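S.K.: This is query.tsv, which holds TSV, C-alpha atoms and all ligand atoms:
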```tsv
chain	number	residue	atom	x	y	z
J	1	MET	CA	44.04	2.17	101.34
J	2	SER	CA	41.62	-0.75	101.03
J	3	TYR	CA	41.49	-4.38	102.01
J	4	TRP	CA	39.94	-6.75	99.48
J	5	PHE	CA	38.41	-10.17	100.18
J	6	ILE	CA	37.43	-12.71	97.54
J	7	ALA	CA	36.38	-16.37	97.64
J	8	ASP	CA	34.78	-19.10	95.54
J	9	LEU	CA	36.13	-18.04	92.17
J	10	HIS	CA	36.29	-21.70	91.17
J	11	LEU	CA	38.74	-20.82	88.40
J	12	SER	CA	39.08	-23.62	85.87
J	13	PRO	CA	40.32	-24.15	82.31
J	14	ALA	CA	36.64	-24.51	81.34
J	15	ARG	CA	35.76	-20.94	82.36
J	16	ALA	CA	38.12	-18.61	80.49
J	17	ASP	CA	35.68	-15.73	81.12
J	18	ILE	CA	36.13	-15.93	84.90
J	19	SER	CA	39.92	-16.22	84.57
J	20	ALA	CA	39.96	-13.12	82.35
J	21	LEU	CA	37.90	-11.13	84.84
J	22	PHE	CA	40.17	-12.28	87.67
J	23	ALA	CA	43.30	-11.25	85.74
J	24	GLU	CA	41.75	-7.84	85.13
J	25	PHE	CA	40.83	-7.53	88.82
J	26	LEU	CA	44.41	-8.31	89.89
J	27	GLN	CA	45.75	-5.66	87.51
J	28	GLN	CA	43.35	-3.09	88.94
J	29	LEU	CA	44.49	-3.91	92.48
J	30	ALA	CA	48.13	-3.38	91.50
J	31	LYS	CA	47.28	0.13	90.29
J	32	GLN	CA	45.19	1.21	93.30
J	33	GLN	CA	45.89	1.90	96.92
J	34	THR	CA	45.59	-1.72	98.03
J	35	GLU	CA	46.55	-2.53	101.60
J	36	ALA	CA	46.18	-6.30	101.20
J	37	VAL	CA	44.17	-8.98	99.40
J	38	TYR	CA	42.72	-12.01	101.17
J	39	ILE	CA	41.64	-15.05	99.15
J	40	LEU	CA	39.29	-17.06	101.37
J	41	GLY	CA	39.36	-20.39	99.57
J	42	ASP	CA	38.08	-22.12	96.43
J	43	LEU	CA	40.23	-19.91	94.24
J	44	VAL	CA	40.23	-22.81	91.80
J	45	ASP	CA	37.66	-25.50	91.10
J	46	ALA	CA	40.29	-28.19	91.64
J	47	TRP	CA	43.98	-28.12	92.58
J	48	ILE	CA	45.84	-31.38	92.13
J	49	GLY	CA	49.14	-30.29	93.64
J	50	ASP	CA	51.79	-27.60	93.10
J	51	ASP	CA	53.51	-29.85	90.56
J	52	ASP	CA	50.61	-29.35	88.08
J	53	PRO	CA	52.45	-28.32	84.88
J	54	SER	CA	49.31	-27.17	83.00
J	55	GLU	CA	49.14	-23.81	81.25
J	56	PHE	CA	46.17	-22.92	83.45
J	57	ALA	CA	48.07	-23.50	86.70
J	58	LEU	CA	51.21	-21.70	85.50
J	59	GLN	CA	49.32	-18.68	84.22
J	60	LEU	CA	47.39	-18.30	87.47
J	61	GLN	CA	50.62	-18.37	89.48
J	62	GLN	CA	52.22	-15.78	87.18
J	63	GLN	CA	49.28	-13.42	87.57
J	64	LEU	CA	49.46	-13.63	91.36
J	65	ARG	CA	53.23	-13.13	91.22
J	66	GLN	CA	52.75	-9.88	89.29
J	67	LEU	CA	50.48	-8.54	92.00
J	68	THR	CA	52.75	-9.47	94.92
J	69	GLU	CA	55.76	-8.07	93.04
J	70	SER	CA	53.92	-4.78	92.66
J	71	GLY	CA	54.05	-4.60	96.47
J	72	VAL	CA	50.55	-5.78	97.38
J	73	PRO	CA	50.50	-8.47	100.10
J	74	VAL	CA	48.25	-11.39	99.14
J	75	TYR	CA	47.06	-13.96	101.70
J	76	PHE	CA	45.39	-17.30	101.06
J	77	ILE	CA	43.20	-19.54	103.19
J	78	ALA	CA	42.38	-22.89	101.59
J	79	GLY	CA	38.85	-23.95	100.72
J	80	ASN	CA	37.45	-27.42	100.14
J	81	ARG	CA	38.59	-27.36	96.48
J	82	ASP	CA	42.14	-26.10	96.82
J	83	PHE	CA	43.54	-27.40	100.10
J	84	LEU	CA	46.36	-29.04	98.13
J	85	ILE	CA	47.83	-25.60	97.42
J	86	GLY	CA	51.15	-25.70	99.22
J	87	GLN	CA	54.54	-24.22	99.86
J	88	GLN	CA	55.76	-24.32	96.25
J	89	PHE	CA	52.73	-22.33	95.14
J	90	ALA	CA	53.49	-19.84	97.91
J	91	GLU	CA	57.11	-19.48	96.81
J	92	ARG	CA	56.22	-19.12	93.14
J	93	THR	CA	53.50	-16.54	93.69
J	94	GLY	CA	54.66	-14.66	96.78
J	95	VAL	CA	51.21	-15.39	98.24
J	96	GLN	CA	51.30	-16.06	101.99
J	97	LEU	CA	49.40	-19.13	103.18
J	98	LEU	CA	47.38	-18.63	106.36
J	99	ALA	CA	46.04	-21.22	108.77
J	100	GLU	CA	42.28	-21.62	108.97
J	101	PRO	CA	40.79	-19.84	110.76
J	102	SER	CA	42.99	-16.79	111.28
J	103	VAL	CA	42.36	-13.58	113.19
J	104	ILE	CA	43.43	-10.36	111.48
J	105	ASN	CA	43.22	-6.75	112.58
J	106	LEU	CA	41.07	-4.51	110.37
J	107	TYR	CA	41.19	-0.91	111.61
J	108	GLY	CA	41.25	-2.07	115.21
J	109	ASN	CA	38.61	-4.79	114.75
J	110	ALA	CA	39.83	-8.31	115.43
J	111	THR	CA	38.29	-10.25	112.54
J	112	LEU	CA	38.06	-14.01	112.11
J	113	ILE	CA	38.62	-15.11	108.52
J	114	LEU	CA	37.91	-18.60	107.20
J	115	HIS	CA	36.62	-20.41	104.12
J	116	GLY	CA	33.31	-21.19	105.81
J	117	ASP	CA	32.65	-24.88	105.19
J	118	SER	CA	33.45	-25.63	108.84
J	119	LEU	CA	30.44	-23.48	109.80
J	120	CYS	CA	28.01	-25.75	107.94
J	121	SER	CA	27.99	-28.22	110.79
J	122	ALA	CA	24.43	-29.50	110.25
J	123	ASP	CA	25.78	-31.54	107.35
J	124	LYS	CA	27.32	-34.32	109.45
J	125	SER	CA	28.42	-36.54	106.58
J	126	TYR	CA	30.22	-33.62	104.91
J	127	GLN	CA	31.96	-32.73	108.17
J	128	ARG	CA	33.15	-36.36	108.55
J	129	PHE	CA	34.45	-36.28	104.98
J	130	ARG	CA	36.13	-32.91	105.63
J	131	ARG	CA	37.96	-34.17	108.74
J	132	LEU	CA	39.21	-37.17	106.78
J	133	ILE	CA	40.24	-35.44	103.55
J	134	ARG	CA	41.92	-32.52	105.35
J	135	SER	CA	43.98	-34.66	107.72
J	136	PRO	CA	47.74	-34.36	107.09
J	137	TRP	CA	48.21	-38.05	106.27
J	138	VAL	CA	45.49	-37.99	103.58
J	139	THR	CA	47.05	-34.86	102.07
J	140	ARG	CA	50.42	-36.62	101.94
J	141	LEU	CA	48.79	-39.68	100.42
J	142	LEU	CA	46.97	-37.64	97.74
J	143	LEU	CA	50.14	-35.77	96.78
J	144	ALA	CA	52.04	-39.06	96.53
J	145	LEU	CA	49.69	-40.29	93.78
J	146	PRO	CA	51.01	-40.00	90.23
J	147	LEU	CA	50.16	-36.69	88.54
J	148	SER	CA	48.16	-38.47	85.80
J	149	LEU	CA	45.91	-40.10	88.38
J	150	ARG	CA	45.39	-36.81	90.25
J	151	LEU	CA	44.43	-35.18	86.94
J	152	ARG	CA	41.80	-37.87	86.35
J	153	ILE	CA	40.39	-37.41	89.86
J	154	ALA	CA	40.17	-33.64	89.29
J	155	GLN	CA	38.35	-34.18	85.98
J	156	ARG	CA	35.83	-36.44	87.69
J	157	LEU	CA	35.25	-33.86	90.42
J	158	ARG	CA	34.76	-31.08	87.88
J	159	ALA	CA	32.33	-33.19	85.84
J	160	ALA	CA	30.36	-34.07	88.98
J	161	SER	CA	29.99	-30.42	90.02
J	162	LYS	CA	28.73	-29.52	86.52
J	163	THR	CA	25.92	-32.05	86.59
J	164	GLN	CA	24.50	-30.91	89.91
J	165	ARG	CA	20.75	-31.35	90.02
J	166	ALA	CA	18.38	-28.82	91.57
J	167	LEU	CA	18.57	-29.11	95.34
J	168	SER	CA	15.63	-29.47	97.70
J	169	ALA	CA	14.91	-26.84	100.36
J	170	ALA	CA	16.21	-29.20	103.06
J	171	GLU	CA	19.47	-29.73	101.17
J	172	LEU	CA	19.90	-25.98	100.65
J	173	GLU	CA	19.37	-25.46	104.38
J	174	LEU	CA	22.13	-27.99	105.14
J	175	MET	CA	24.49	-26.06	102.90
J	176	ASP	CA	24.12	-22.83	104.86
J	177	VAL	CA	25.91	-22.06	108.11
J	178	THR	CA	24.58	-23.39	111.40
J	179	PRO	CA	23.77	-20.37	113.63
J	180	THR	CA	24.89	-22.05	116.87
J	181	THR	CA	28.25	-22.91	115.29
J	182	VAL	CA	28.67	-19.30	114.16
J	183	THR	CA	27.97	-18.04	117.70
J	184	ALA	CA	30.38	-20.60	119.14
J	185	MET	CA	33.13	-19.42	116.75
J	186	PHE	CA	32.64	-15.76	117.68
J	187	GLU	CA	32.86	-16.63	121.36
J	188	HIS	CA	35.74	-19.09	121.09
J	189	TYR	CA	37.94	-16.61	119.21
J	190	GLN	CA	36.57	-13.63	121.17
J	191	VAL	CA	35.88	-11.55	118.08
J	192	LYS	CA	32.91	-9.46	116.92
J	193	HIS	CA	33.73	-9.67	113.22
J	194	MET	CA	33.89	-12.61	110.84
J	195	ILE	CA	34.42	-12.88	107.07
J	196	HIS	CA	33.97	-16.07	105.05
J	197	GLY	CA	32.82	-17.51	101.73
J	198	HIS	CA	31.77	-21.04	100.69
J	199	THR	CA	27.96	-20.65	100.92
J	200	HIS	CA	27.76	-18.41	97.82
J	201	ARG	CA	25.26	-16.19	99.66
J	202	PRO	CA	26.84	-12.74	99.84
J	203	ALA	CA	25.40	-10.73	102.74
J	204	ILE	CA	26.18	-8.84	105.91
J	205	HIS	CA	24.57	-10.54	108.92
J	206	GLN	CA	24.20	-9.45	112.54
J	207	HIS	CA	24.36	-12.12	115.25
J	208	GLN	CA	23.43	-11.75	118.88
J	209	LEU	CA	25.93	-13.51	121.14
J	210	THR	CA	24.98	-15.18	124.44
J	211	ASP	CA	26.08	-12.10	126.44
J	212	GLY	CA	23.64	-9.98	124.41
J	213	SER	CA	26.29	-8.16	122.40
J	214	MET	CA	26.11	-8.00	118.60
J	215	ALA	CA	28.60	-9.42	116.12
J	216	GLN	CA	28.90	-8.97	112.37
J	217	ARG	CA	29.40	-11.78	109.83
J	218	ILE	CA	30.14	-10.93	106.21
J	219	VAL	CA	29.75	-13.56	103.49
J	220	VAL	CA	31.70	-12.98	100.28
J	221	GLY	CA	29.96	-14.03	97.05
J	222	ASP	CA	31.07	-16.43	94.33
J	223	TRP	CA	32.26	-15.82	90.76
J	224	TYR	CA	29.93	-18.09	88.78
J	225	GLN	CA	27.92	-15.35	87.02
J	226	GLN	CA	29.84	-12.23	88.05
J	227	GLY	CA	32.90	-11.18	89.95
J	228	SER	CA	32.20	-10.71	93.69
J	229	MET	CA	34.38	-8.88	96.14
J	230	LEU	CA	34.35	-7.31	99.57
J	231	LYS	CA	36.13	-3.98	99.94
J	232	ILE	CA	36.88	-2.57	103.37
J	233	ASP	CA	38.50	0.78	103.97
J	234	ALA	CA	38.52	3.22	106.88
J	235	HIS	CA	35.09	4.59	105.91
J	236	ALA	CA	33.05	1.78	104.37
J	237	VAL	CA	32.37	-1.92	104.06
J	238	GLU	CA	31.09	-2.78	100.58
J	239	LEU	CA	30.07	-6.01	98.86
J	240	LEU	CA	30.72	-5.34	95.17
J	241	THR	CA	30.10	-7.21	91.93
J	242	GLN	CA	31.62	-6.94	88.49
J	243	PRO	CA	29.91	-8.28	85.35
J	244	LEU	CA	31.62	-11.08	83.43
A	1	MN	MN	33.77	-24.00	99.25
```
Just give me the structure of the file as structure tokens.

M.R.:
Amino acid sequence: MSYWFIADLHLSPARADISALFAEFLQQLAKQQTEAVYILGDLVDAWIGDDDPSEFALQLQQQLRQLTESGVPVYFIAGNRDFLIGQQFAERTGVQLLAEPSVINLYGNATLILHGDSLCSADKSYQRFRRLIRSPWVTRLLLALPLSLRLRIAQRLRAASKTQRALSAAELELMDVTPTTVTAMFEHYQVKHMIHGHTHRPAIHQHQLTDGSMAQRIVVGDWYQQGSMLKIDAHAVELLTQPL
């Protein structure tokens, strides 16, 4: 039996190739010995609300439904692109929404799971924006906007992310996790294992905590040029990729 972790798929109507690979991946999971699947945020490039009637949104929810109906538990932690995924989505798909961060038990190891943007604390202006946009009253306000307006906002966001210029070394640094914040998270939640996405830098890192003990942080990769997944079973921890 294996646990699977994925993040940063950024599924969108503009990338049918990624959606096809994701659909195939879900079908594979239904056929294998899958203990559970954890989606650690940014499943989609933009989510405007569970009332989105688009073919893209409906198809995605159907595909997830098929997997949960096959008996595989699927859990979701929101990222910075899809925090408007809500209760209706959960009911339609059978996917269980988890609070961020959550602690899960993987073969006796208490493991902190989160999207990861909260770890990038050097970027102060982003963290201010995050606190604002993720506050419950802003979420309510966003969802109260007419669907047509939310669609236009999502289109703008998608267009903006497509025209990203090359980033400077300093900007890239800001977009990675802040080591002191990582250490603080390990110690606050009293765990030695952490799994997250967001930075699009798949790797297994070791961190020394202030008491000298070691902790492990696994970063799950994105799905821009390939499928990326983390597979954990009783014997191995593997970061895998699948070609588009
Ligand atoms: Mn993200």

S.K.: What residues of the protein or nucleic acid chains come within 6 Å of ligand MN 1 (chain A) when you use only C-alpha atoms and all ligand atoms? Reply as a VMD selection string.

M.R.: chain J and resid 42 79 to 80 198

S.K.: Find the residues near Arg217 of chain J: any atom within 9 Å, counting all atoms listed in the file, skip ones fewer than 3 places away on the same chain, and give them as JSON, numbers by chain.

M.R.: {"J": [182, 192, 193, 194, 195, 196, 203, 204, 205, 206, 207]}

S.K.: For Ile104 of chain J, please output as a ChimeraX atom specification all residues within 10 Å (counting all atoms listed in the file; exclusion window: fewer than 5 positions along the same chain).

M.R.: /J:109-113,193-194

S.K.: Show me, as a PyMOL selection string, the residues that have an atom within 9 Å of Val177 of chain J when counting only C-alpha atoms, minus same-chain residues fewer than 3 positions from it.

M.R.: chain J and resi 116-122+173-174+180-182+199

S.K.: One decimal, Å: what's the distance from atom CA of Ala46 of chain J over to atom CA of Gln226 of chain J, could you say?

M.R.: 19.4 Å

S.K.: Report, in Å to a single decimal, how far apart atom CA of His200 of chain J and atom CA of Gly221 of chain J are.

M.R.: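 That distance, rounded to one decimal, is 5.0 Å.
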
S.K.: Atom CA of Tyr38 of chain J and atom CA of Ile77 of chain J are how many Å apart?

M.R.: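 Computing the Euclidean distance for atom CA of Tyr38 of chain J and atom CA of Ile77 of chain J yields 7.8 Å.
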
S.K.: If we count only C-alpha atoms and set the cut-off at 12 Å, which residues sit around Val237 of chain J, ignoring sequence neighbours fewer than 2 positions away in its own chain? Please answer as a PDB file with C-alpha atoms, in the frame of the given file.

M.R.:
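Heads up, here's the output in result.pdb:
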```pdb
ATOM      1  CA  SER J   2      41.620  -0.750 101.030  1.00  0.00           C
ATOM      2  CA  TYR J   3      41.490  -4.380 102.010  1.00  0.00           C
ATOM      3  CA  TRP J   4      39.940  -6.750  99.480  1.00  0.00           C
ATOM      4  CA  PHE J   5      38.410 -10.170 100.180  1.00  0.00           C
ATOM      5  CA  LEU J 106      41.070  -4.510 110.370  1.00  0.00           C
ATOM      6  CA  TYR J 107      41.190  -0.910 111.610  1.00  0.00           C
ATOM      7  CA  ILE J 195      34.420 -12.880 107.070  1.00  0.00           C
ATOM      8  CA  ALA J 203      25.400 -10.730 102.740  1.00  0.00           C
ATOM      9  CA  ILE J 204      26.180  -8.840 105.910  1.00  0.00           C
ATOM     10  CA  GLN J 216      28.900  -8.970 112.370  1.00  0.00           C
ATOM     11  CA  ARG J 217      29.400 -11.780 109.830  1.00  0.00           C
ATOM     12  CA  ILE J 218      30.140 -10.930 106.210  1.00  0.00           C
ATOM     13  CA  VAL J 219      29.750 -13.560 103.490  1.00  0.00           C
ATOM     14  CA  VAL J 220      31.700 -12.980 100.280  1.00  0.00           C
ATOM     15  CA  MET J 229      34.380  -8.880  96.140  1.00  0.00           C
ATOM     16  CA  LEU J 230      34.350  -7.310  99.570  1.00  0.00           C
ATOM     17  CA  LYS J 231      36.130  -3.980  99.940  1.00  0.00           C
ATOM     18  CA  ILE J 232      36.880  -2.570 103.370  1.00  0.00           C
ATOM     19  CA  ASP J 233      38.500   0.780 103.970  1.00  0.00           C
ATOM     20  CA  ALA J 234      38.520   3.220 106.880  1.00  0.00           C
ATOM     21  CA  HIS J 235      35.090   4.590 105.910  1.00  0.00           C
ATOM     22  CA  LEU J 239      30.070  -6.010  98.860  1.00  0.00           C
ATOM     23  CA  LEU J 240      30.720  -5.340  95.170  1.00  0.00           C
TER      24      LEU J 240
END
```

S.K.: List every protein, DNA or RNA residue that has at least one atom no more than 12 Å from (56.1, -18.3, 97.7) in the file's coordinates, counting only C-alpha atoms, and write the result as a list in words.

M.R.: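 In the file's frame, the residues around the point are Asp50, Gln61, Gln62, Leu64, Arg65, Thr68, Glu69, Pro73, Val74, Tyr75, Phe76, Ile85, Gly86, Gln87, Gln88, Phe89, Ala90, Glu91, Arg92, Thr93, Gly94, Val95, Gln96 and Leu97 of chain J.
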
S.K.: Excluding segment 134-141 of chain J and any residue of its chain fewer than 6 positions from it, enumerate the residues within 10 Å of it, using only C-alpha atoms, and give them as a list in words.

M.R.: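 Close residues of segment 134-141 of chain J: Gly49, Asn80, Phe83 and Leu84 of chain J.
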
S.K.: Given the selection you just returned, output its residues as a file containing C-alpha atoms, formatted as a short mmCIF file (atom, residue, chain, number, x, y, z; two decimals), in the frame of the given file.

M.R.:
```cif
data_model
loop_
_atom_site.label_atom_id
_atom_site.label_comp_id
_atom_site.auth_asym_id
_atom_site.auth_seq_id
_atom_site.Cartn_x
_atom_site.Cartn_y
_atom_site.Cartn_z
CA GLY J 49 49.14 -30.29 93.64
CA ASN J 80 37.45 -27.42 100.14
CA PHE J 83 43.54 -27.40 100.10
CA LEU J 84 46.36 -29.04 98.13
#
```

S.K.: Compare J:Leu9, J:Ala215, J:Leu67, J:Leu40 by their minimum atom-to-atom distance to Leu21 of chain J, counting only C-alpha atoms, and give me the closest one.

M.R.: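 Under the stated criterion, the closest residue is J:Leu9.
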
S.K.: Missing atoms in segment 210-235 of chain J: can you complete it with N, CA and C atoms, as a tab-separated table (two decimals), in the frame of the given file?

M.R.:
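Dumped to rebuild27.tsv:
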```tsv
chain	number	residue	atom	x	y	z
J	210	THR	N	25.70	-14.79	123.21
J	210	THR	CA	24.98	-15.18	124.44
J	210	THR	C	25.04	-14.09	125.51
J	211	ASP	N	26.03	-13.19	125.45
J	211	ASP	CA	26.08	-12.10	126.44
J	211	ASP	C	25.24	-10.90	125.98
J	212	GLY	N	24.51	-11.06	124.88
J	212	GLY	CA	23.64	-9.98	124.41
J	212	GLY	C	24.29	-9.03	123.43
J	213	SER	N	25.61	-9.07	123.32
J	213	SER	CA	26.29	-8.16	122.40
J	213	SER	C	26.10	-8.61	120.96
J	214	MET	N	26.32	-7.69	120.01
J	214	MET	CA	26.11	-8.00	118.60
J	214	MET	C	27.45	-8.24	117.89
J	215	ALA	N	27.41	-9.14	116.92
J	215	ALA	CA	28.60	-9.42	116.12
J	215	ALA	C	28.20	-9.41	114.65
J	216	GLN	N	29.17	-9.10	113.81
J	216	GLN	CA	28.90	-8.97	112.37
J	216	GLN	C	29.61	-10.08	111.58
J	217	ARG	N	28.84	-10.73	110.69
J	217	ARG	CA	29.40	-11.78	109.83
J	217	ARG	C	29.16	-11.41	108.38
J	218	ILE	N	30.26	-11.28	107.63
J	218	ILE	CA	30.14	-10.93	106.21
J	218	ILE	C	30.45	-12.16	105.36
J	219	VAL	N	29.55	-12.44	104.42
J	219	VAL	CA	29.75	-13.56	103.49
J	219	VAL	C	30.10	-12.99	102.12
J	220	VAL	N	31.23	-13.43	101.59
J	220	VAL	CA	31.70	-12.98	100.28
J	220	VAL	C	31.06	-13.87	99.21
J	221	GLY	N	30.65	-13.28	98.10
J	221	GLY	CA	29.96	-14.03	97.05
J	221	GLY	C	30.90	-14.79	96.12
J	222	ASP	N	30.30	-15.60	95.26
J	222	ASP	CA	31.07	-16.43	94.33
J	222	ASP	C	31.25	-15.73	92.98
J	223	TRP	N	31.94	-16.39	92.08
J	223	TRP	CA	32.26	-15.82	90.76
J	223	TRP	C	31.64	-16.64	89.63
J	224	TYR	N	30.51	-17.29	89.86
J	224	TYR	CA	29.93	-18.09	88.78
J	224	TYR	C	29.35	-17.22	87.67
J	225	GLN	N	28.57	-16.18	88.04
J	225	GLN	CA	27.92	-15.35	87.02
J	225	GLN	C	28.39	-13.92	87.01
J	226	GLN	N	29.29	-13.58	87.96
J	226	GLN	CA	29.84	-12.23	88.05
J	226	GLN	C	31.06	-12.32	88.95
J	227	GLY	N	31.85	-11.26	88.96
J	227	GLY	CA	32.90	-11.18	89.95
J	227	GLY	C	32.29	-10.66	91.23
J	228	SER	N	32.74	-11.16	92.40
J	228	SER	CA	32.20	-10.71	93.69
J	228	SER	C	33.36	-10.37	94.60
J	229	MET	N	33.30	-9.23	95.23
J	229	MET	CA	34.38	-8.88	96.14
J	229	MET	C	33.88	-8.04	97.30
J	230	LEU	N	34.62	-8.13	98.39
J	230	LEU	CA	34.35	-7.31	99.57
J	230	LEU	C	35.49	-6.32	99.69
J	231	LYS	N	35.12	-5.04	99.80
J	231	LYS	CA	36.13	-3.98	99.94
J	231	LYS	C	35.91	-3.31	101.29
J	232	ILE	N	36.98	-3.24	102.06
J	232	ILE	CA	36.88	-2.57	103.37
J	232	ILE	C	37.95	-1.50	103.44
J	233	ASP	N	37.51	-0.26	103.68
J	233	ASP	CA	38.50	0.78	103.97
J	233	ASP	C	38.09	1.48	105.27
J	234	ALA	N	38.75	2.56	105.59
J	234	ALA	CA	38.52	3.22	106.88
J	234	ALA	C	37.09	3.74	107.00
J	235	HIS	N	36.41	3.96	105.87
J	235	HIS	CA	35.09	4.59	105.91
J	235	HIS	C	33.94	3.65	105.61
```
